[in-house]
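Notes to accompany the following structure.
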Amino acid sequence: MNRLENLREIVDEVLDGIGAPEDRRCGFVHLYGVSAAAVLLAQRREQDAELAAVAGMLHDLATYEIGTSDDHAARGARRASEILGSLGTFTRWEVEAVRSVIAHHSDKAIIHDAFSELLKDADVLQHFLSDSGAPPLEPQAARRQALRRELDL
Ligand SMILES: [Fe+2]
């Protein structure tokens, strides 16, 4: 089993534990959707696609796990770090890279490093792909416009 499959088992176990079917569906759709969007953007932007997939899967896992979005970027970053550390197959540098981009992902009005920007854009792209008619609020609107230009959507 490869690293992504090991991680999916943990993500699935957390999401399977969500009682409300609609919340459970949202969790699967959003986390795996952001993960896939992150891989797409990583391929285009010459970033690490595997780590992008990991960051997408984990970025909001803590929010779904505890059912509140309070302080969700910091909480998600800590949870991602715990999970990746417990797997023992990710280097310290990789764990820190994922922790860092998740910690930044709510700051969509700010520009961070390229890998952090990739996760923020993947988050916005997944929302667009799942409901393209819903008008985004700022600062997601500007990111959505830039993504539509980048991806010719
Ligand atoms: Fe998200």
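Chain identifiers are assigned as A, B, and so on, following the order in which chains appear in the structure tokens; residues are numbered from 1 within each chain, and ligands are numbered from 1 in order of appearance.
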message: Using only C-alpha atoms and all ligand atoms, which residues have at least one atom no more than 7 Å from ligand 1? Output them as a list in words.
response: His30, His59, Asp60 and Asp123 of chain A
Selection from above, C-alpha atoms, as a compact mmCIF listing (two decimals), in the first residue's frame, can you write it?
```txt
# COMPACT_ATOMS: atom_id res chain seq x y z
CA HIS A 30 -14.70 18.51 -0.35
CA HIS A 59 -6.73 20.53 5.13
CA ASP A 60 -10.22 20.54 6.69
CA ASP A 123 -9.95 24.98 -2.13
```
message: Env of Ser130 (chain A): 12 Å cut, atoms = only C-alpha atoms, seq-sep filter 3 positions within chain, self excluded. Answer as a count of residues only.
response: 14
field: Between CA of Leu137 (chain A) and CA of Ser69 (chain A), distance in Å (one decimal)
entry: 17.6 Å
Rows by chain and residue number, region 51-86 of chain A within 10 Å of region 110-117 of chain A, shortest pair, only C-alpha atoms, as JSON lines:
```
{"residue": "A:Leu51", "atom": "CA", "partner": "A:Phe115", "partner_atom": "CA", "distance": 9.4}
{"residue": "A:Ala52", "atom": "CA", "partner": "A:Phe115", "partner_atom": "CA", "distance": 7.9}
{"residue": "A:Ala55", "atom": "CA", "partner": "A:Ser116", "partner_atom": "CA", "distance": 9.6}
```
From A:Leu119, A:Val101, A:Ile66, A:Leu151, residue lying nearest Leu15 (chain A) [only C-alpha atoms]: A:Ile66
field: Coordinates-based distance that separates CA of Glu9 (chain A) from CA of Ser100 (chain A) (Å, one decimal)
entry: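 Here the two named atoms are 22.7 Å from each other.
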- request: Taking the DSSP assignment computed from this structure's backbone, write out as number ranges by chain all residues of chain A that belong to helix (DSSP H, G or I).
  value: A: 3-16, 21-45, 49-58, 61-66, 72-87, 92-104, 114-130, 140-151
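Of the residues listed (A:Leu118, A:Leu129, A:Ala142, A:Ala109), A:Leu118 shows the shortest atom-to-atom separation from Leu40 (chain A); distances use only C-alpha atoms.
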Write out as a PDB file with N, CA and C atoms, in the first residue's frame which residues come within 12 Å of Val98 (chain A) when counting only C-alpha atoms, dropping same-chain ones fewer than 5 positions away.
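Output below, filename around28.pdb:
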```
ATOM      1  N   ASP A  48       4.953  19.603  -6.107  1.00  0.00           N
ATOM      2  CA  ASP A  48       4.927  18.194  -5.735  1.00  0.00           C
ATOM      3  C   ASP A  48       3.475  17.699  -5.671  1.00  0.00           C
ATOM      4  N   GLU A  50       2.157  14.698  -5.084  1.00  0.00           N
ATOM      5  CA  GLU A  50       1.782  13.812  -3.976  1.00  0.00           C
ATOM      6  C   GLU A  50       1.523  14.624  -2.701  1.00  0.00           C
ATOM      7  N   LEU A  51       2.412  15.565  -2.409  1.00  0.00           N
ATOM      8  CA  LEU A  51       2.201  16.389  -1.208  1.00  0.00           C
ATOM      9  C   LEU A  51       0.974  17.280  -1.371  1.00  0.00           C
ATOM     10  N   ALA A  52       0.713  17.705  -2.600  1.00  0.00           N
ATOM     11  CA  ALA A  52      -0.493  18.500  -2.863  1.00  0.00           C
ATOM     12  C   ALA A  52      -1.733  17.660  -2.565  1.00  0.00           C
ATOM     13  N   ALA A  53      -1.726  16.400  -2.992  1.00  0.00           N
ATOM     14  CA  ALA A  53      -2.850  15.495  -2.721  1.00  0.00           C
ATOM     15  C   ALA A  53      -3.040  15.320  -1.214  1.00  0.00           C
ATOM     16  N   VAL A  54      -1.939  15.176  -0.505  1.00  0.00           N
ATOM     17  CA  VAL A  54      -1.981  14.993   0.951  1.00  0.00           C
ATOM     18  C   VAL A  54      -2.574  16.233   1.626  1.00  0.00           C
ATOM     19  N   ALA A  55      -2.080  17.402   1.253  1.00  0.00           N
ATOM     20  CA  ALA A  55      -2.560  18.643   1.863  1.00  0.00           C
ATOM     21  C   ALA A  55      -4.053  18.829   1.607  1.00  0.00           C
ATOM     22  N   GLY A  56      -4.483  18.516   0.395  1.00  0.00           N
ATOM     23  CA  GLY A  56      -5.909  18.641   0.070  1.00  0.00           C
ATOM     24  C   GLY A  56      -6.769  17.716   0.921  1.00  0.00           C
ATOM     25  N   MET A  57      -6.323  16.487   1.082  1.00  0.00           N
ATOM     26  CA  MET A  57      -7.086  15.509   1.879  1.00  0.00           C
ATOM     27  C   MET A  57      -7.206  15.908   3.340  1.00  0.00           C
ATOM     28  N   LEU A  58      -6.130  16.519   3.853  1.00  0.00           N
ATOM     29  CA  LEU A  58      -6.089  16.786   5.300  1.00  0.00           C
ATOM     30  C   LEU A  58      -6.536  18.192   5.687  1.00  0.00           C
ATOM     31  N   HIS A  59      -6.658  19.118   4.729  1.00  0.00           N
ATOM     32  CA  HIS A  59      -6.727  20.533   5.125  1.00  0.00           C
ATOM     33  C   HIS A  59      -7.907  20.886   6.035  1.00  0.00           C
ATOM     34  N   ALA A  73      -7.905  26.588  10.515  1.00  0.00           N
ATOM     35  CA  ALA A  73      -6.619  26.415   9.824  1.00  0.00           C
ATOM     36  C   ALA A  73      -5.547  25.925  10.805  1.00  0.00           C
ATOM     37  N   GLY A  76      -6.467  22.420  11.939  1.00  0.00           N
ATOM     38  CA  GLY A  76      -6.233  21.476  10.844  1.00  0.00           C
ATOM     39  C   GLY A  76      -4.746  21.209  10.636  1.00  0.00           C
ATOM     40  N   ALA A  77      -3.942  22.254  10.796  1.00  0.00           N
ATOM     41  CA  ALA A  77      -2.491  22.104  10.625  1.00  0.00           C
ATOM     42  C   ALA A  77      -1.930  21.168  11.695  1.00  0.00           C
ATOM     43  N   ARG A  78      -2.384  21.361  12.923  1.00  0.00           N
ATOM     44  CA  ARG A  78      -1.897  20.496  14.019  1.00  0.00           C
ATOM     45  C   ARG A  78      -2.322  19.044  13.789  1.00  0.00           C
ATOM     46  N   ARG A  79      -3.563  18.859  13.372  1.00  0.00           N
ATOM     47  CA  ARG A  79      -4.083  17.498  13.167  1.00  0.00           C
ATOM     48  C   ARG A  79      -3.344  16.809  12.020  1.00  0.00           C
ATOM     49  N   ALA A  80      -3.083  17.569  10.950  1.00  0.00           N
ATOM     50  CA  ALA A  80      -2.358  17.004   9.807  1.00  0.00           C
ATOM     51  C   ALA A  80      -0.965  16.572  10.229  1.00  0.00           C
ATOM     52  N   SER A  81      -0.337  17.397  11.033  1.00  0.00           N
ATOM     53  CA  SER A  81       1.004  17.089  11.517  1.00  0.00           C
ATOM     54  C   SER A  81       0.990  15.810  12.358  1.00  0.00           C
ATOM     55  N   GLU A  82       0.009  15.677  13.230  1.00  0.00           N
ATOM     56  CA  GLU A  82      -0.124  14.465  14.069  1.00  0.00           C
ATOM     57  C   GLU A  82      -0.296  13.219  13.199  1.00  0.00           C
ATOM     58  N   ILE A  83      -1.201  13.316  12.231  1.00  0.00           N
ATOM     59  CA  ILE A  83      -1.511  12.150  11.398  1.00  0.00           C
ATOM     60  C   ILE A  83      -0.290  11.735  10.571  1.00  0.00           C
ATOM     61  N   LEU A  84       0.327  12.710   9.912  1.00  0.00           N
ATOM     62  CA  LEU A  84       1.484  12.370   9.071  1.00  0.00           C
ATOM     63  C   LEU A  84       2.643  11.855   9.914  1.00  0.00           C
ATOM     64  N   GLY A  85       2.809  12.438  11.098  1.00  0.00           N
ATOM     65  CA  GLY A  85       3.855  11.957  12.003  1.00  0.00           C
ATOM     66  C   GLY A  85       3.600  10.520  12.431  1.00  0.00           C
ATOM     67  N   PHE A  90       6.424   9.856   6.149  1.00  0.00           N
ATOM     68  CA  PHE A  90       6.688  11.189   5.599  1.00  0.00           C
ATOM     69  C   PHE A  90       7.880  11.783   6.341  1.00  0.00           C
ATOM     70  N   THR A  91       8.743  12.450   5.607  1.00  0.00           N
ATOM     71  CA  THR A  91       9.913  13.059   6.246  1.00  0.00           C
ATOM     72  C   THR A  91       9.472  14.252   7.089  1.00  0.00           C
ATOM     73  N   ARG A  92      10.363  14.667   7.965  1.00  0.00           N
ATOM     74  CA  ARG A  92      10.060  15.838   8.794  1.00  0.00           C
ATOM     75  C   ARG A  92       9.784  17.054   7.908  1.00  0.00           C
ATOM     76  N   TRP A  93      10.556  17.173   6.826  1.00  0.00           N
ATOM     77  CA  TRP A  93      10.368  18.304   5.903  1.00  0.00           C
ATOM     78  C   TRP A  93       8.974  18.243   5.254  1.00  0.00           C
ATOM     79  N   ALA A 103      -1.903  25.616   7.606  1.00  0.00           N
ATOM     80  CA  ALA A 103      -1.985  26.758   8.532  1.00  0.00           C
ATOM     81  C   ALA A 103      -2.296  28.059   7.787  1.00  0.00           C
ATOM     82  N   HIS A 104      -1.863  28.170   6.534  1.00  0.00           N
ATOM     83  CA  HIS A 104      -2.072  29.395   5.745  1.00  0.00           C
ATOM     84  C   HIS A 104      -3.378  29.408   4.958  1.00  0.00           C
ATOM     85  N   HIS A 105      -4.059  28.262   4.868  1.00  0.00           N
ATOM     86  CA  HIS A 105      -5.058  28.148   3.795  1.00  0.00           C
ATOM     87  C   HIS A 105      -6.302  29.007   3.962  1.00  0.00           C
ATOM     88  N   PHE A 115       3.446  26.927  -2.753  1.00  0.00           N
ATOM     89  CA  PHE A 115       2.725  25.716  -2.334  1.00  0.00           C
ATOM     90  C   PHE A 115       1.498  26.081  -1.503  1.00  0.00           C
ATOM     91  N   SER A 116       1.602  27.119  -0.680  1.00  0.00           N
ATOM     92  CA  SER A 116       0.437  27.586   0.081  1.00  0.00           C
ATOM     93  C   SER A 116      -0.632  28.118  -0.876  1.00  0.00           C
ATOM     94  N   LEU A 118      -1.152  27.197  -3.854  1.00  0.00           N
ATOM     95  CA  LEU A 118      -1.755  26.050  -4.551  1.00  0.00           C
ATOM     96  C   LEU A 118      -2.933  25.478  -3.737  1.00  0.00           C
ATOM     97  N   LEU A 119      -2.747  25.297  -2.427  1.00  0.00           N
ATOM     98  CA  LEU A 119      -3.836  24.740  -1.610  1.00  0.00           C
ATOM     99  C   LEU A 119      -5.011  25.713  -1.539  1.00  0.00           C
TER     100      LEU A 119
END
```
